[in-house]
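**Student:** Please find data_18.txt (compact mmCIF, C-alpha atoms) on the next line:
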```txt
# COMPACT_ATOMS: atom_id res chain seq x y z
CA MET A 1 35.73 30.59 10.36
CA GLN A 2 35.50 27.94 13.06
CA GLU A 3 32.23 27.02 14.67
CA ARG A 4 31.66 28.83 17.92
CA GLU A 5 32.95 27.09 21.01
CA GLN A 6 30.64 26.78 24.00
CA VAL A 7 30.73 29.97 26.06
CA SER A 8 30.54 29.42 29.80
CA SER A 9 30.13 31.87 32.66
CA HIS A 10 33.90 31.60 33.15
CA SER A 11 34.81 32.53 29.56
CA PRO A 12 37.06 35.59 29.30
CA GLY A 13 35.11 38.72 28.43
CA VAL A 14 36.15 41.06 25.64
CA LEU A 15 34.67 44.52 25.17
CA VAL A 16 34.60 45.50 21.49
CA LEU A 17 34.28 49.24 20.84
CA GLY A 18 33.35 51.04 17.64
CA ASN A 19 30.79 49.97 15.03
CA TYR A 20 32.34 49.44 11.62
CA ARG A 21 32.66 46.73 8.98
CA ALA A 22 35.72 45.33 10.71
CA THR A 23 33.75 45.08 13.97
CA LEU A 24 31.90 42.06 12.62
CA VAL A 25 35.22 40.34 11.91
CA VAL A 26 36.30 40.93 15.51
CA ILE A 27 32.99 39.75 16.95
CA ARG A 28 32.87 36.55 14.90
CA SER A 29 36.54 35.73 15.41
CA LEU A 30 36.62 36.15 19.17
CA ALA A 31 33.27 34.46 19.74
CA SER A 32 34.50 31.46 17.73
CA ALA A 33 37.57 31.38 19.97
CA GLY A 34 35.38 31.02 23.06
CA TYR A 35 35.33 34.60 24.34
CA THR A 36 32.27 36.29 25.78
CA VAL A 37 31.75 39.23 23.41
CA ILE A 38 30.38 42.51 24.77
CA LEU A 39 29.70 45.11 22.09
CA GLY A 40 29.78 48.80 22.97
CA VAL A 41 27.15 50.89 21.19
CA GLN A 42 26.37 54.59 21.24
CA GLY A 43 23.47 56.48 19.73
CA LYS A 44 22.43 55.08 16.38
CA ARG A 45 23.10 51.36 16.01
CA HIS A 46 24.56 50.01 12.79
CA GLY A 47 23.28 46.44 12.80
CA ASN A 48 26.33 44.81 14.40
CA ASP A 49 24.33 44.54 17.61
CA ARG A 50 22.09 42.01 15.82
CA SER A 51 24.93 39.54 15.35
CA ARG A 52 24.28 36.18 16.94
CA PHE A 53 27.88 36.21 18.15
CA VAL A 54 27.27 39.18 20.46
CA ASP A 55 26.57 38.06 24.02
CA GLU A 56 25.92 41.45 25.62
CA LEU A 57 25.52 45.13 24.75
CA TRP A 58 26.88 48.14 26.62
CA THR A 59 25.44 51.53 25.74
CA HIS A 60 28.08 54.17 26.37
CA PRO A 61 28.58 57.94 26.01
CA PRO A 62 30.47 59.33 22.98
CA PHE A 63 34.24 58.94 23.06
CA ASP A 64 34.60 62.72 22.99
CA ALA A 65 32.14 63.28 25.85
CA LYS A 66 33.14 66.25 27.98
CA ASP A 67 34.52 65.88 31.51
CA GLY A 68 35.73 62.34 30.81
CA GLY A 69 32.19 60.99 30.57
CA PHE A 70 33.19 57.97 28.50
CA ASP A 71 36.11 56.98 30.74
CA ALA A 72 34.01 57.31 33.88
CA ALA A 73 31.22 55.23 32.35
CA LEU A 74 33.73 52.59 31.19
CA ALA A 75 35.29 52.30 34.63
CA ALA A 76 31.88 51.97 36.27
CA PHE A 77 30.74 49.35 33.78
CA VAL A 78 33.89 47.22 34.13
CA GLU A 79 33.66 47.33 37.92
CA ARG A 80 29.92 46.60 37.96
CA ARG A 81 30.01 43.73 35.49
CA GLY A 82 33.38 42.16 36.24
CA GLY A 83 34.99 39.50 34.09
CA ILE A 84 36.21 41.84 31.33
CA ASP A 85 39.73 40.81 30.41
CA ALA A 86 40.40 42.96 27.35
CA ILE A 87 39.21 45.94 25.32
CA VAL A 88 39.43 45.86 21.52
CA PRO A 89 39.00 49.32 19.93
CA VAL A 90 38.07 48.89 16.26
CA THR A 91 37.24 52.27 14.73
CA GLU A 92 39.75 55.06 14.30
CA GLU A 93 37.81 57.15 16.79
CA ALA A 94 38.13 54.45 19.44
CA VAL A 95 41.81 53.79 18.71
CA VAL A 96 42.65 57.51 18.93
CA HIS A 97 40.71 57.90 22.17
CA PHE A 98 42.65 55.15 23.93
CA ALA A 99 45.92 56.45 22.50
CA HIS A 100 45.22 59.79 24.18
CA ARG A 101 43.57 58.43 27.35
CA GLY A 102 44.78 54.86 27.51
CA ASP A 103 46.21 55.35 30.99
CA ASP A 104 42.68 56.06 32.24
CA ARG A 105 41.37 52.61 31.32
CA PRO A 106 40.44 50.24 34.16
CA ALA A 107 43.37 48.52 35.83
CA GLY A 108 44.03 44.93 34.89
CA VAL A 109 42.24 45.15 31.53
CA LEU A 110 44.32 44.54 28.39
CA LEU A 111 44.13 47.01 25.53
CA ALA A 112 44.43 45.29 22.16
CA SER A 113 45.77 48.30 20.30
CA VAL A 114 49.11 49.71 19.19
CA ASP A 115 51.24 52.06 21.26
CA ALA A 116 50.07 55.66 21.63
CA SER A 117 53.26 57.01 20.03
CA VAL A 118 52.57 54.94 16.90
CA VAL A 119 49.02 56.26 16.66
CA ASP A 120 50.32 59.81 17.02
CA ILE A 121 52.69 59.40 14.07
CA CYS A 122 50.16 57.59 11.88
CA GLN A 123 47.54 60.30 12.50
CA SER A 124 49.83 62.97 11.05
CA LYS A 125 50.57 62.96 7.32
CA GLU A 126 53.73 65.00 7.85
CA LYS A 127 55.09 62.68 10.54
CA THR A 128 54.23 59.64 8.42
CA MET A 129 56.02 61.08 5.38
CA ALA A 130 59.05 61.91 7.54
CA LEU A 131 59.05 58.30 8.71
CA ALA A 132 58.88 57.07 5.11
CA LEU A 133 61.76 59.36 4.11
CA GLU A 134 63.92 58.02 6.93
CA ALA A 135 63.02 54.42 6.01
CA ASN A 136 63.75 54.98 2.29
CA VAL A 137 60.16 54.27 1.33
CA PRO A 138 59.18 56.13 -1.88
CA PHE A 139 56.27 58.56 -1.95
CA ALA A 140 54.97 61.22 -4.32
CA ARG A 141 56.08 64.85 -3.93
CA TYR A 142 54.01 66.81 -1.45
CA ALA A 143 53.75 70.13 0.34
CA ALA A 144 51.88 71.36 3.40
CA VAL A 145 50.00 74.62 2.84
CA GLU A 146 48.18 77.06 5.10
CA ASN A 147 46.33 79.37 2.70
CA LEU A 148 45.17 79.75 -0.89
CA SER A 149 48.34 81.55 -1.93
CA GLU A 150 50.55 78.72 -0.67
CA LEU A 151 48.17 76.20 -2.24
CA SER A 152 48.41 77.86 -5.64
CA SER A 153 52.21 77.98 -5.43
CA ALA A 154 52.45 74.33 -4.34
CA VAL A 155 50.14 73.16 -7.12
CA SER A 156 52.22 75.09 -9.69
CA ASP A 157 55.35 73.39 -8.39
CA ILE A 158 53.91 69.86 -8.07
CA GLY A 159 51.72 70.01 -11.17
CA PHE A 160 48.49 68.32 -12.19
CA PRO A 161 47.00 65.90 -11.47
CA CYS A 162 47.34 66.39 -7.74
CA VAL A 163 45.42 65.38 -4.65
CA LEU A 164 44.43 67.58 -1.72
CA ARG A 165 43.71 66.10 1.69
CA PRO A 166 43.69 66.96 5.41
CA LEU A 167 46.95 66.64 7.28
CA VAL A 168 45.35 64.92 10.25
CA ALA A 169 43.31 61.72 9.95
CA PRO A 170 40.39 61.04 9.97
CA SER A 171 39.37 64.58 9.04
CA ARG A 172 37.36 65.18 5.87
CA LEU A 173 37.87 67.90 3.28
CA LEU A 174 34.57 69.16 1.85
CA GLU A 175 32.97 65.87 3.01
CA LYS A 176 35.59 63.79 1.19
CA LYS A 177 38.69 61.87 2.24
CA ALA A 178 40.58 63.67 -0.54
CA LEU A 179 40.06 65.91 -3.57
CA ILE A 180 41.59 64.84 -6.87
CA LEU A 181 42.32 67.88 -9.04
CA LEU A 182 43.06 67.58 -12.75
CA SER A 183 43.32 71.25 -13.73
CA ALA A 184 43.49 74.82 -12.44
CA ASP A 185 39.80 75.26 -13.26
CA GLU A 186 38.92 72.29 -11.04
CA LEU A 187 41.04 73.75 -8.23
CA GLN A 188 39.27 77.11 -8.50
CA HIS A 189 35.85 75.47 -8.60
CA ALA A 190 36.53 73.15 -5.68
CA MET A 191 38.41 75.65 -3.48
CA PRO A 192 37.23 79.20 -4.17
CA GLU A 193 38.07 79.98 -0.54
CA TRP A 194 39.96 78.31 2.29
CA PRO A 195 37.77 75.60 3.92
CA ASP A 196 36.57 76.06 7.47
CA GLY A 197 38.03 73.80 10.14
CA HIS A 198 41.39 73.28 8.43
CA ARG A 199 44.50 75.14 9.51
CA ARG A 200 46.74 73.27 7.05
CA LEU A 201 46.28 70.92 4.09
CA LEU A 202 48.47 68.48 2.19
CA VAL A 203 48.83 68.77 -1.59
CA GLN A 204 50.54 65.85 -3.31
CA ARG A 205 51.22 64.59 -6.81
CA TYR A 206 48.44 62.19 -7.81
CA LEU A 207 49.33 58.77 -9.13
CA LYS A 208 46.40 57.16 -10.95
CA ALA A 209 46.76 53.56 -9.89
CA PRO A 210 44.81 50.97 -7.90
CA ARG A 211 45.35 51.07 -4.17
CA GLN A 212 47.36 48.20 -2.71
CA ASN A 213 46.57 47.43 0.93
CA LEU A 214 49.00 45.39 3.00
CA TYR A 215 47.26 43.99 6.06
CA PHE A 216 49.92 42.97 8.53
CA VAL A 217 50.77 41.62 11.95
CA ALA A 218 53.92 42.93 13.63
CA SER A 219 55.62 42.31 16.94
CA ASP A 220 58.41 44.43 18.46
CA GLY A 221 59.12 46.15 15.15
CA LYS A 222 59.28 42.94 13.12
CA LEU A 223 56.82 42.03 10.37
CA VAL A 224 55.29 38.64 11.16
CA SER A 225 52.61 38.22 8.50
CA CYS A 226 51.35 40.19 5.51
CA VAL A 227 48.48 39.89 2.99
CA GLN A 228 48.22 42.14 -0.08
CA VAL A 229 44.80 43.19 -1.34
CA MET A 230 44.14 45.29 -4.44
CA ILE A 231 41.21 47.73 -4.31
CA ARG A 232 39.28 47.52 -7.59
CA ARG A 233 36.40 49.92 -6.94
CA THR A 234 35.21 52.40 -4.31
CA ASP A 235 31.87 54.03 -3.57
CA ARG A 236 32.89 57.25 -5.35
CA THR A 237 33.33 57.81 -9.08
CA ASP A 238 36.69 59.58 -8.62
CA GLY A 239 38.24 56.61 -6.80
CA THR A 240 38.25 58.21 -3.35
CA GLY A 241 35.91 56.96 -0.65
CA LEU A 242 35.37 53.48 0.74
CA ALA A 243 36.37 50.29 -1.05
CA VAL A 244 33.49 48.11 -2.27
CA GLU A 245 35.34 45.50 -4.35
CA GLY A 246 38.82 44.00 -4.32
CA ASN A 247 40.85 40.83 -4.29
CA THR A 248 43.99 39.29 -2.86
CA VAL A 249 47.08 39.40 -5.08
CA PRO A 250 50.51 37.76 -4.78
CA LEU A 251 52.64 39.60 -2.25
CA ASP A 252 54.92 42.16 -3.92
CA GLU A 253 58.29 41.71 -2.22
CA ARG A 254 59.12 45.39 -2.73
CA LEU A 255 55.97 46.44 -0.88
CA ARG A 256 56.60 43.88 1.82
CA GLY A 257 60.09 45.31 2.26
CA TYR A 258 58.76 48.85 2.49
CA CYS A 259 56.12 47.74 4.99
CA ALA A 260 58.80 45.99 7.07
CA ALA A 261 60.93 49.15 7.06
CA LEU A 262 58.02 51.26 8.28
CA VAL A 263 57.14 48.72 10.96
CA ALA A 264 60.75 48.73 12.15
CA GLY A 265 60.85 52.52 12.22
CA LEU A 266 57.73 52.61 14.36
CA ASP A 267 58.76 49.66 16.57
CA TYR A 268 55.25 48.46 15.74
CA SER A 269 53.45 45.81 17.79
CA GLY A 270 49.94 44.89 16.73
CA VAL A 271 47.88 44.71 13.56
CA GLY A 272 47.64 47.38 10.90
CA CYS A 273 47.20 48.27 7.25
CA ALA A 274 49.81 49.97 5.05
CA GLN A 275 48.60 51.51 1.78
CA PHE A 276 50.55 52.03 -1.42
CA LEU A 277 49.92 52.99 -5.03
CA VAL A 278 51.74 51.12 -7.80
CA ASP A 279 51.67 52.61 -11.29
CA PRO A 280 50.73 49.76 -13.68
CA GLU A 281 52.79 51.28 -16.51
CA SER A 282 55.94 52.67 -14.90
CA ASP A 283 55.82 50.32 -11.88
CA ASP A 284 56.56 53.33 -9.65
CA VAL A 285 55.52 53.00 -6.00
CA SER A 286 54.05 55.72 -3.83
CA PHE A 287 53.40 55.21 -0.12
CA LEU A 288 50.09 56.59 1.15
CA GLU A 289 49.64 55.88 4.85
CA ILE A 290 49.49 53.36 7.67
CA ASN A 291 46.26 52.76 9.54
CA PRO A 292 47.17 51.65 13.10
CA ARG A 293 44.14 49.38 13.42
CA LEU A 294 42.21 46.65 11.65
CA GLY A 295 41.50 47.67 8.07
CA ALA A 296 37.84 48.04 7.14
CA ASN A 297 38.08 45.22 4.57
CA CYS A 298 39.97 42.76 6.76
CA ALA A 299 37.26 40.12 6.29
CA ILE A 300 39.14 39.05 3.16
CA VAL A 301 42.29 38.51 5.24
CA GLN A 302 40.34 36.52 7.80
CA SER A 303 39.02 34.27 5.03
CA CYS A 304 42.63 33.46 4.09
CA GLY A 305 43.11 31.85 7.51
CA ILE A 306 45.01 34.72 9.11
CA ASP A 307 43.20 35.70 12.31
CA LEU A 308 43.94 39.38 12.91
CA PRO A 309 41.74 39.95 16.01
CA ARG A 310 43.20 36.96 17.88
CA SER A 311 46.69 38.08 16.87
CA ALA A 312 46.01 41.56 18.31
CA LEU A 313 44.87 40.03 21.60
CA ALA A 314 47.86 37.69 21.76
CA ILE A 315 50.30 40.56 21.19
CA ALA A 316 48.60 42.69 23.85
CA ALA A 317 48.85 39.81 26.33
CA GLY A 318 52.49 39.13 25.46
CA GLU A 319 51.63 35.62 24.28
CA SER A 320 53.18 33.58 21.49
CA LEU A 321 51.69 34.03 18.03
CA ASP A 322 52.21 30.36 17.16
CA ARG A 323 48.52 29.50 17.72
CA CYS A 324 47.44 32.20 15.25
CA ASP A 325 48.95 30.31 12.27
CA LEU A 326 50.43 33.48 10.77
CA THR A 327 52.05 33.25 7.36
CA ASP A 328 52.77 35.17 4.17
CA THR A 329 51.34 32.28 2.16
CA TYR A 330 47.72 32.84 1.21
CA PRO A 331 45.45 32.21 -1.80
CA ALA A 332 45.67 34.93 -4.45
CA GLY A 333 42.59 35.88 -6.42
CA ARG A 334 40.07 35.70 -3.58
CA ARG A 335 37.45 38.37 -4.14
CA TYR A 336 35.46 40.44 -1.67
CA ALA A 337 32.41 42.64 -2.15
CA TRP A 338 30.42 45.08 -0.03
CA LEU A 339 26.99 45.26 -1.63
CA PHE A 340 25.45 47.64 0.91
CA GLY A 341 28.26 50.18 0.46
CA ASP A 342 28.14 49.70 -3.30
CA LEU A 343 24.44 50.55 -3.50
CA ALA A 344 24.78 53.41 -1.02
CA GLY A 345 27.58 54.84 -3.18
CA LEU A 346 25.43 54.49 -6.28
CA GLN A 347 22.60 56.38 -4.59
CA HIS A 348 24.97 59.12 -3.38
CA GLU A 349 26.62 59.71 -6.75
CA PHE A 350 23.32 59.66 -8.64
CA ARG A 351 21.64 62.01 -6.15
CA ASN A 352 24.56 64.44 -6.48
CA ARG A 353 24.37 64.21 -10.29
CA ARG A 354 27.86 62.79 -10.71
CA ILE A 355 26.49 59.96 -12.85
CA GLY A 356 23.53 59.69 -15.23
CA ILE A 357 20.91 56.99 -15.67
CA LEU A 358 23.03 54.84 -18.01
CA SER A 359 26.07 55.00 -15.74
CA ALA A 360 23.86 54.22 -12.74
CA GLY A 361 22.51 51.17 -14.56
CA ARG A 362 26.01 49.93 -15.33
CA TRP A 363 27.03 50.54 -11.71
CA LEU A 364 24.04 48.52 -10.45
CA ILE A 365 24.83 45.60 -12.74
CA ARG A 366 28.47 45.56 -11.67
CA ALA A 367 27.52 45.78 -7.99
CA ILE A 368 25.24 42.75 -8.31
CA TRP A 369 27.75 40.82 -10.42
CA SER A 370 30.65 41.47 -8.04
CA SER A 371 28.48 40.41 -5.13
CA LEU A 372 27.45 37.17 -6.85
CA ARG A 373 31.01 36.09 -7.66
CA ALA A 374 32.59 37.27 -4.39
CA ASP A 375 34.26 34.72 -2.14
CA VAL A 376 33.76 36.97 0.87
CA HIS A 377 31.15 39.57 1.76
CA LEU A 378 32.35 42.24 4.16
CA THR A 379 29.21 42.24 6.28
CA PHE A 380 26.94 39.40 5.15
CA SER A 381 27.39 35.82 6.29
CA TRP A 382 24.94 32.95 5.95
CA ARG A 383 25.92 31.91 9.48
CA ASP A 384 25.28 35.42 10.81
CA PRO A 385 22.93 37.23 8.40
CA MET A 386 21.08 39.65 10.68
CA PRO A 387 23.62 42.54 10.75
CA ALA A 388 23.50 42.94 6.95
CA VAL A 389 19.75 42.25 6.79
CA THR A 390 19.17 44.95 9.40
CA LEU A 391 21.19 47.50 7.43
CA PHE A 392 19.28 46.79 4.23
CA GLY A 393 15.98 46.90 6.10
CA ARG A 394 16.72 50.32 7.54
CA ARG A 395 17.88 51.64 4.18
CA ALA A 396 14.71 50.34 2.52
CA GLY A 397 12.59 51.97 5.23
CA ARG A 398 14.25 55.35 4.72
CA LEU A 399 13.81 55.04 0.96
CA ARG A 400 10.13 54.17 1.36
CA HIS A 401 9.50 57.20 3.58
CA ARG A 402 11.32 59.41 1.09
CA LEU A 403 9.28 58.14 -1.86
CA TRP A 404 5.94 57.80 -0.09
CA PRO A 405 5.97 60.11 2.93
CA ARG A 406 3.23 59.51 5.46
CA ARG A 407 0.61 62.28 5.34
CA GLU A 408 -0.76 63.45 8.65
CA GLY A 409 -3.76 65.22 7.07
CA PRO A 410 -5.06 66.84 3.89
CA THR A 411 -2.18 68.41 2.01
CA THR A 412 -3.70 69.38 -1.35
CA LEU A 413 -6.86 71.09 -2.62
CA ASN A 414 -8.23 67.77 -3.91
CA ASP A 415 -7.57 66.15 -0.54
CA ASN A 416 -9.52 68.92 1.16
CA LYS A 417 -12.43 68.46 -1.27
CA ARG A 418 -12.55 64.69 -0.65
CA VAL A 419 -12.47 65.17 3.12
CA GLY A 420 -15.26 67.74 2.88
CA GLN A 421 -17.38 65.40 0.74
CA ARG A 422 -16.97 62.55 3.23
CA GLN A 423 -17.92 64.83 6.12
CA ALA A 424 -21.04 66.02 4.26
CA GLN A 425 -22.04 62.41 3.50
CA ARG A 426 -21.73 61.47 7.16
CA ALA A 427 -23.78 64.52 8.16
CA ASP A 428 -26.55 63.52 5.71
CA ALA A 429 -26.55 60.00 7.06
CA ASP A 430 -26.95 61.27 10.58
```
Turn this file's structure into structure tokens for me.

**Tutor:**
Amino acid sequence: MQEREQVSSHSPGVLVLGNYRATLVVIRSLASAGYTVILGVQGKRHGNDRSRFVDELWTHPPFDAKDGGFDAALAAFVERRGGIDAIVPVTEEAVVHFAHRGDDRPAGVLLASVDASVVDICQSKEKTMALALEANVPFARYAAVENLSELSSAVSDIGFPCVLRPLVAPSRLLEKKALILLSADELQHAMPEWPDGHRRLLVQRYLKAPRQNLYFVASDGKLVSCVQVMIRRTDRTDGTGLAVEGNTVPLDERLRGYCAALVAGLDYSGVGCAQFLVDPESDDVSFLEINPRLGANCAIVQSCGIDLPRSALAIAAGESLDRCDLTDTYPAGRRYAWLFGDLAGLQHEFRNRRIGILSAGRWLIRAIWSSLRADVHLTFSWRDPMPAVTLFGRRAGRLRHRLWPRREGPTTLNDNKRVGQRQAQRADAD
């Protein structure tokens, strides 16, 4: 990443919304390009506010605040502060909000996000699969179900192993992104009754293969640049969850072609991430989804010299992408790691008894080893260490309070005896 250019009072202001791993990529990229970076925060802060590349903070209401509370607060802030040229929504929540209420944003402020119609399709599994079918992009058999009877019938037809997930992103099913089911017994144990909050679910044939993420830049339905990253591990033992380790691989021309077809079908303009599974034995391909935003692990793409945040801004402004040095040529074999997420996943799986002590020990060793040999860390940077340090500090504080809770007074019989003895000694001394 380039050294930060001097920011003057006349530097264009960019409001970055949504705290996530990719938020740090946006902050560091745009600050290095000479922008004044304003970070929006709400409620609990995640450490990104401690980045030395953040110039200002704006505390805002939740995106789903009733009576348009967020939009009213945004309009008031932009008018009061002035000098805000663009808004960059990073998280899915922020992207979806502006897709639904983008027309309410302050006049004259660019929105560095994809078109609302694209977000609408990408949010729906059924619409995305229909798009893939029309574009001749292969995907595993699936069915949409509305009750346990339909689920049982669909599973019998599709067979095991299968995966069960919500039809609308970013919903969770039983606190997971997806449920991988290997047998009828697992299905019965996991879904004894229909889950609350879900009208319909997607059941699909499960392909056990590493996830291949294609991070791309597209303009007017044409693929401009693409980087392929293979996910090696996640923070869950079953392979669902958030990626914690991966590396760049040579671009598979088949996947690039499929990604280009999807981009054309969507008339896509902006940055995004298309996900596929490729069976290592049969070489079969199965399309998963497109995320119409910066992928969470895009720091690895940034390290390859492809600047996704600046590309998103240039596309929103209708500018040429020549200055962004976009290419399909990048170094393969570059590794990334996310140590904080790795350790948090280890704690979660051990606490929920999904792994034992030996497996936890192996997980810890691998987490440390992958972190030591990584070329890129998703949150930590020697030039900007405080966001990651803050996260680890808060996690350590919570762990300390859990292990050694502060006692407000005597809590055991022995404590009461000791307090009584001290009081008697003081009385005798008086």

**Student:** If we count only C-alpha atoms and set the cut-off at 12 Å, which residues sit around Leu173 of chain A, ignoring sequence neighbours fewer than 2 positions away in its own chain? Please answer as a VMD selection string.

**Tutor:** chain A and resid 163 to 171 175 to 180 190 to 191 194 to 202 240 to 241

**Student:** Write the residues you've just listed into a file as a PDB file, in the coordinates of the input, and include C-alpha atoms for each of them.

**Tutor:**
```
ATOM      1  CA  VAL A 163      45.420  65.380  -4.650  1.00  0.00           C
ATOM      2  CA  LEU A 164      44.430  67.580  -1.720  1.00  0.00           C
ATOM      3  CA  ARG A 165      43.710  66.100   1.690  1.00  0.00           C
ATOM      4  CA  PRO A 166      43.690  66.960   5.410  1.00  0.00           C
ATOM      5  CA  LEU A 167      46.950  66.640   7.280  1.00  0.00           C
ATOM      6  CA  VAL A 168      45.350  64.920  10.250  1.00  0.00           C
ATOM      7  CA  ALA A 169      43.310  61.720   9.950  1.00  0.00           C
ATOM      8  CA  PRO A 170      40.390  61.040   9.970  1.00  0.00           C
ATOM      9  CA  SER A 171      39.370  64.580   9.040  1.00  0.00           C
ATOM     10  CA  GLU A 175      32.970  65.870   3.010  1.00  0.00           C
ATOM     11  CA  LYS A 176      35.590  63.790   1.190  1.00  0.00           C
ATOM     12  CA  LYS A 177      38.690  61.870   2.240  1.00  0.00           C
ATOM     13  CA  ALA A 178      40.580  63.670  -0.540  1.00  0.00           C
ATOM     14  CA  LEU A 179      40.060  65.910  -3.570  1.00  0.00           C
ATOM     15  CA  ILE A 180      41.590  64.840  -6.870  1.00  0.00           C
ATOM     16  CA  ALA A 190      36.530  73.150  -5.680  1.00  0.00           C
ATOM     17  CA  MET A 191      38.410  75.650  -3.480  1.00  0.00           C
ATOM     18  CA  TRP A 194      39.960  78.310   2.290  1.00  0.00           C
ATOM     19  CA  PRO A 195      37.770  75.600   3.920  1.00  0.00           C
ATOM     20  CA  ASP A 196      36.570  76.060   7.470  1.00  0.00           C
ATOM     21  CA  GLY A 197      38.030  73.800  10.140  1.00  0.00           C
ATOM     22  CA  HIS A 198      41.390  73.280   8.430  1.00  0.00           C
ATOM     23  CA  ARG A 199      44.500  75.140   9.510  1.00  0.00           C
ATOM     24  CA  ARG A 200      46.740  73.270   7.050  1.00  0.00           C
ATOM     25  CA  LEU A 201      46.280  70.920   4.090  1.00  0.00           C
ATOM     26  CA  LEU A 202      48.470  68.480   2.190  1.00  0.00           C
ATOM     27  CA  THR A 240      38.250  58.210  -3.350  1.00  0.00           C
ATOM     28  CA  GLY A 241      35.910  56.960  -0.650  1.00  0.00           C
TER      29      GLY A 241
END
```

**Student:** Do you have the atom CA of Cys226 of chain A-atom CA of Lys127 of chain A distance handy?

**Tutor:** 23.3 Å

**Student:** For the atom pair atom CA of Val224 of chain A and atom CA of Pro331 of chain A, what is the interatomic distance in Å to one decimal place?

**Tutor:**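 Calculated distance between atom CA of Val224 of chain A and atom CA of Pro331 of chain A is 17.5 Å.
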
**Student:** Can you list, as number ranges by chain, every protein, DNA or RNA residue that comes within 6 Å of segment 245-260 of chain A when you count only C-alpha atoms, leaving out same-chain residues fewer than 5 positions away?

**Tutor:** A: 137, 223, 228-233, 332-337

**Student:** Taking all atoms of segment 18-36 of chain A that the file lists, what box with edges along x, y and z, padded by 4 Å per side, do you get, with centre and edge lengths in Å to one decimal, as AutoDock Vina command-line options?

**Tutor:**
```
--center_x 34.2 --center_y 41.0 --center_z 17.4 --size_x 14.8 --size_y 28.0 --size_z 24.8
```

**Student:** So which residues touch Asp307 of chain A within 12 Å, counting only C-alpha atoms, skipping near sequence neighbours fewer than 4 positions away, as a ChimeraX atom specification?

**Tutor:** /A:1-2,25-30,32-33,215-217,225-227,271,294,298-303,311-314,321-327

**Student:** Please compute the atom CA of Val118 of chain A-atom CA of Asn19 of chain A distance, one decimal, in Å.

**Tutor:**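 Pair atom CA of Val118 of chain A / atom CA of Asn19 of chain A returns 22.4 Å.
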
**Student:** Given the choices A:Leu131, A:Ala143, A:His348, A:Phe380, which gets closest to Phe287 of chain A if the distance is worked out from only C-alpha atoms?

**Tutor:**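 Comparing A:Leu131, A:Ala143, A:His348, A:Phe380 against Phe287 of chain A, the winner is A:Leu131.
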
**Student:** Can you work out which one of A:Ala99, A:Gln123, A:Lys66, A:Leu110 has the shortest atom-to-atom distance to Leu15 of chain A, counting all atoms listed in the file?

**Tutor:**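 Looking at the shortest contact to Leu15 of chain A, the residue is A:Leu110.
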
**Student:** Measuring between only C-alpha atoms, which one of A:Arg21, A:Arg205, A:Val88, A:His377 shows the shortest distance to Gly295 of chain A?

**Tutor:**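 For Gly295 of chain A, the nearest of the given residues is A:Arg21.
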
**Student:** May I ask which of the residues A:Gln212, A:Asn291, A:Ser152, A:Ser219 is the closest one to Val95 of chain A, counting all atoms listed in the file?

**Tutor:** A:Asn291

**Student:** I'd like the contact shell of Ala367 of chain A - 9 Å cut-off, all atoms listed in the file, skipping same-chain residues fewer than 6 positions apart - returned as a list in words.

**Tutor:**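 Contacts, in chain order: Val244, Glu245, Ala337, Trp338, Leu339, Asp342 and Leu343 of chain A.
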
**Student:** Can you tell me which residues surround Met386 of chain A at a distance of at most 12 Å, considering only C-alpha atoms, apart from same-chain residues fewer than 4 positions away, and format the answer as JSON, numbers by chain?

**Tutor:** {"A": [24, 46, 47, 48, 49, 50, 51, 52, 53, 54, 379, 380, 381, 382, 390, 391, 392, 393, 394]}
